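What follows is a short report on a single structure.
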Amino acid sequence: MPKALIRAVPGITCGQRRQVIEGAVGALPGVTVTDVSTGTRAVAVLYDAPAEPGGIDAAIRGAGYRIGQSAGGSTS
């Protein structure tokens, strides 16, 4: 069963930034859906193994963005 993860990413301010994050996270093995919202400045991800929250966070940071405090965490 897929797991869901939501992360606040304050630096998402335009469509180009959205595409960068979607590309970085969406390229991870096991990630099935990546939805980046410029309105809420959050990233929502559906994933299965081998993807895991730490790797998703690393992909967001590797794309040049920091993760904020308030968008939530993982759910199963």
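Letters for chains follow the order of the structure tokens (A, B, ...), residue numbers begin at 1 for each chain, and ligand numbers begin at 1 in the order shown.
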- prompt: Neighbours of Thr38 of chain A within 6 Å (only C-alpha atoms; same-chain residues fewer than 2 positions away dropped), as a count of residues only?
  reply: 4
List as an mmCIF file with N, CA, C and O atoms, in the first residue's frame the protein and nucleic acid residues near Pro50 of chain A, meaning an atom at most 10 Å away when only C-alpha atoms are counted, but skip any in the same chain fewer than 6 places from it.
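Output file out.cif is given in full below:
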```cif
data_model
loop_
_atom_site.group_PDB
_atom_site.id
_atom_site.type_symbol
_atom_site.label_atom_id
_atom_site.label_comp_id
_atom_site.auth_asym_id
_atom_site.auth_seq_id
_atom_site.Cartn_x
_atom_site.Cartn_y
_atom_site.Cartn_z
ATOM 1 N N LEU A 28 12.891 9.518 -8.157
ATOM 2 C CA LEU A 28 13.279 8.516 -7.173
ATOM 3 C C LEU A 28 12.520 7.213 -7.406
ATOM 4 O O LEU A 28 11.296 7.224 -7.604
ATOM 5 N N PRO A 29 13.218 6.068 -7.378
ATOM 6 C CA PRO A 29 12.531 4.785 -7.505
ATOM 7 C C PRO A 29 11.518 4.610 -6.376
ATOM 8 O O PRO A 29 11.822 4.883 -5.216
ATOM 9 N N GLY A 30 10.322 4.211 -6.710
ATOM 10 C CA GLY A 30 9.264 3.995 -5.720
ATOM 11 C C GLY A 30 8.293 5.151 -5.583
ATOM 12 O O GLY A 30 7.209 4.994 -5.035
ATOM 13 N N VAL A 31 8.651 6.330 -6.084
ATOM 14 C CA VAL A 31 7.743 7.479 -6.026
ATOM 15 C C VAL A 31 6.753 7.355 -7.167
ATOM 16 O O VAL A 31 7.136 7.231 -8.329
#
```
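Residues in contact with Gly54 of chain A at 12 Å, where only C-alpha atoms are counted and same-chain residues fewer than 6 positions away are skipped, are listed as Leu5, Arg7, Val25, Leu28, Ile60, Arg61, Gly62, Ile67, Gly73 and Ser74 of chain A.
For Arg66 of chain A, the non-local neighbours within 9 Å, defined as residues at least 3 positions apart in the same chain or in other chains and counting only C-alpha atoms, are Ala8, Val9, Pro10, Gly11, Asp57, Ile60 and Arg61 of chain A.
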Can you write just those residues out, C-alpha atoms, as a PDB file, in the first residue's frame?
```
ATOM      1  CA  ALA A   8       6.351  22.442   3.501  1.00  0.00           C
ATOM      2  CA  VAL A   9       8.822  23.991   1.062  1.00  0.00           C
ATOM      3  CA  PRO A  10       8.738  27.784   1.500  1.00  0.00           C
ATOM      4  CA  GLY A  11      10.848  28.470  -1.605  1.00  0.00           C
ATOM      5  CA  ASP A  57      13.784  15.038   1.859  1.00  0.00           C
ATOM      6  CA  ILE A  60      14.139  18.273  -2.148  1.00  0.00           C
ATOM      7  CA  ARG A  61      17.266  19.650  -0.484  1.00  0.00           C
TER       8      ARG A  61
END
```
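Candidate residues A:Ala51, A:Ala58, A:Ala27, A:Cys14 were compared for distance to Gly39 of chain A, and the nearest is A:Cys14, using only C-alpha atoms.
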- prompt: Thr32 of chain A: which residues within 8 Å, counting only C-alpha atoms, same-chain residues fewer than 3 positions away excluded, as a list in words?
  reply: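 Near Thr32 of chain A, the qualifying residues are Gly26, Val45, Leu46, Tyr47 and Asp48 of chain A.
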message: I need the residues in chain A that are helix (DSSP H, G or I) according to DSSP; give them as a PyMOL selection string.
response: chain A and resi 15-26+53-62
Could you write out that same residue set with N, CA and C atoms as a JSON list (two decimals), in the first residue's frame?
```json
[["chain", "number", "residue", "atom", "x", "y", "z"],
["A", 15, "GLY", "N", 6.14, 28.31, -11.22],
["A", 15, "GLY", "CA", 6.04, 27.05, -11.93],
["A", 15, "GLY", "C", 7.38, 26.40, -12.24],
["A", 16, "GLN", "N", 8.40, 27.21, -12.51],
["A", 16, "GLN", "CA", 9.71, 26.65, -12.82],
["A", 16, "GLN", "C", 10.28, 25.93, -11.59],
["A", 17, "ARG", "N", 10.14, 26.53, -10.45],
["A", 17, "ARG", "CA", 10.61, 25.89, -9.21],
["A", 17, "ARG", "C", 9.82, 24.62, -8.93],
["A", 18, "ARG", "N", 8.55, 24.66, -9.24],
["A", 18, "ARG", "CA", 7.69, 23.49, -9.08],
["A", 18, "ARG", "C", 8.22, 22.34, -9.93],
["A", 19, "GLN", "N", 8.57, 22.63, -11.17],
["A", 19, "GLN", "CA", 9.07, 21.59, -12.08],
["A", 19, "GLN", "C", 10.39, 21.00, -11.60],
["A", 20, "VAL", "N", 11.25, 21.82, -11.05],
["A", 20, "VAL", "CA", 12.54, 21.34, -10.54],
["A", 20, "VAL", "C", 12.31, 20.32, -9.42],
["A", 21, "ILE", "N", 11.44, 20.65, -8.48],
["A", 21, "ILE", "CA", 11.18, 19.74, -7.35],
["A", 21, "ILE", "C", 10.47, 18.49, -7.83],
["A", 22, "GLU", "N", 9.46, 18.63, -8.70],
["A", 22, "GLU", "CA", 8.75, 17.46, -9.22],
["A", 22, "GLU", "C", 9.71, 16.53, -9.94],
["A", 23, "GLY", "N", 10.64, 17.09, -10.69],
["A", 23, "GLY", "CA", 11.62, 16.26, -11.40],
["A", 23, "GLY", "C", 12.55, 15.53, -10.46],
["A", 24, "ALA", "N", 13.04, 16.22, -9.45],
["A", 24, "ALA", "CA", 13.98, 15.62, -8.50],
["A", 24, "ALA", "C", 13.32, 14.51, -7.68],
["A", 25, "VAL", "N", 12.14, 14.78, -7.15],
["A", 25, "VAL", "CA", 11.47, 13.79, -6.31],
["A", 25, "VAL", "C", 10.86, 12.69, -7.17],
["A", 26, "GLY", "N", 10.27, 13.06, -8.30],
["A", 26, "GLY", "CA", 9.63, 12.08, -9.17],
["A", 26, "GLY", "C", 10.59, 11.08, -9.78],
["A", 53, "PRO", "N", 11.13, 8.48, 3.40],
["A", 53, "PRO", "CA", 11.07, 9.90, 3.70],
["A", 53, "PRO", "C", 12.43, 10.61, 3.68],
["A", 54, "GLY", "N", 13.45, 9.99, 4.21],
["A", 54, "GLY", "CA", 14.76, 10.62, 4.23],
["A", 54, "GLY", "C", 15.30, 10.87, 2.82],
["A", 55, "GLY", "N", 15.07, 9.94, 1.93],
["A", 55, "GLY", "CA", 15.51, 10.10, 0.55],
["A", 55, "GLY", "C", 14.72, 11.17, -0.19],
["A", 56, "ILE", "N", 13.43, 11.26, 0.11],
["A", 56, "ILE", "CA", 12.59, 12.30, -0.49],
["A", 56, "ILE", "C", 13.04, 13.67, 0.01],
["A", 57, "ASP", "N", 13.28, 13.78, 1.30],
["A", 57, "ASP", "CA", 13.78, 15.04, 1.86],
["A", 57, "ASP", "C", 15.12, 15.42, 1.23],
["A", 58, "ALA", "N", 16.00, 14.43, 1.04],
["A", 58, "ALA", "CA", 17.30, 14.69, 0.44],
["A", 58, "ALA", "C", 17.15, 15.17, -1.00],
["A", 59, "ALA", "N", 16.18, 14.63, -1.74],
["A", 59, "ALA", "CA", 15.96, 15.06, -3.12],
["A", 59, "ALA", "C", 15.48, 16.52, -3.15],
["A", 60, "ILE", "N", 14.62, 16.88, -2.22],
["A", 60, "ILE", "CA", 14.14, 18.27, -2.15],
["A", 60, "ILE", "C", 15.31, 19.20, -1.83],
["A", 61, "ARG", "N", 16.10, 18.83, -0.85],
["A", 61, "ARG", "CA", 17.27, 19.65, -0.48],
["A", 61, "ARG", "C", 18.29, 19.68, -1.62],
["A", 62, "GLY", "N", 18.48, 18.55, -2.29],
["A", 62, "GLY", "CA", 19.42, 18.48, -3.40],
["A", 62, "GLY", "C", 19.01, 19.35, -4.57]]
```
- request: Give the strand (DSSP E or B) residues of chain A, as DSSP finds them on the backbone, and put them as a ChimeraX atom specification.
  value: /A:3-8,31-37,42-47,74-75
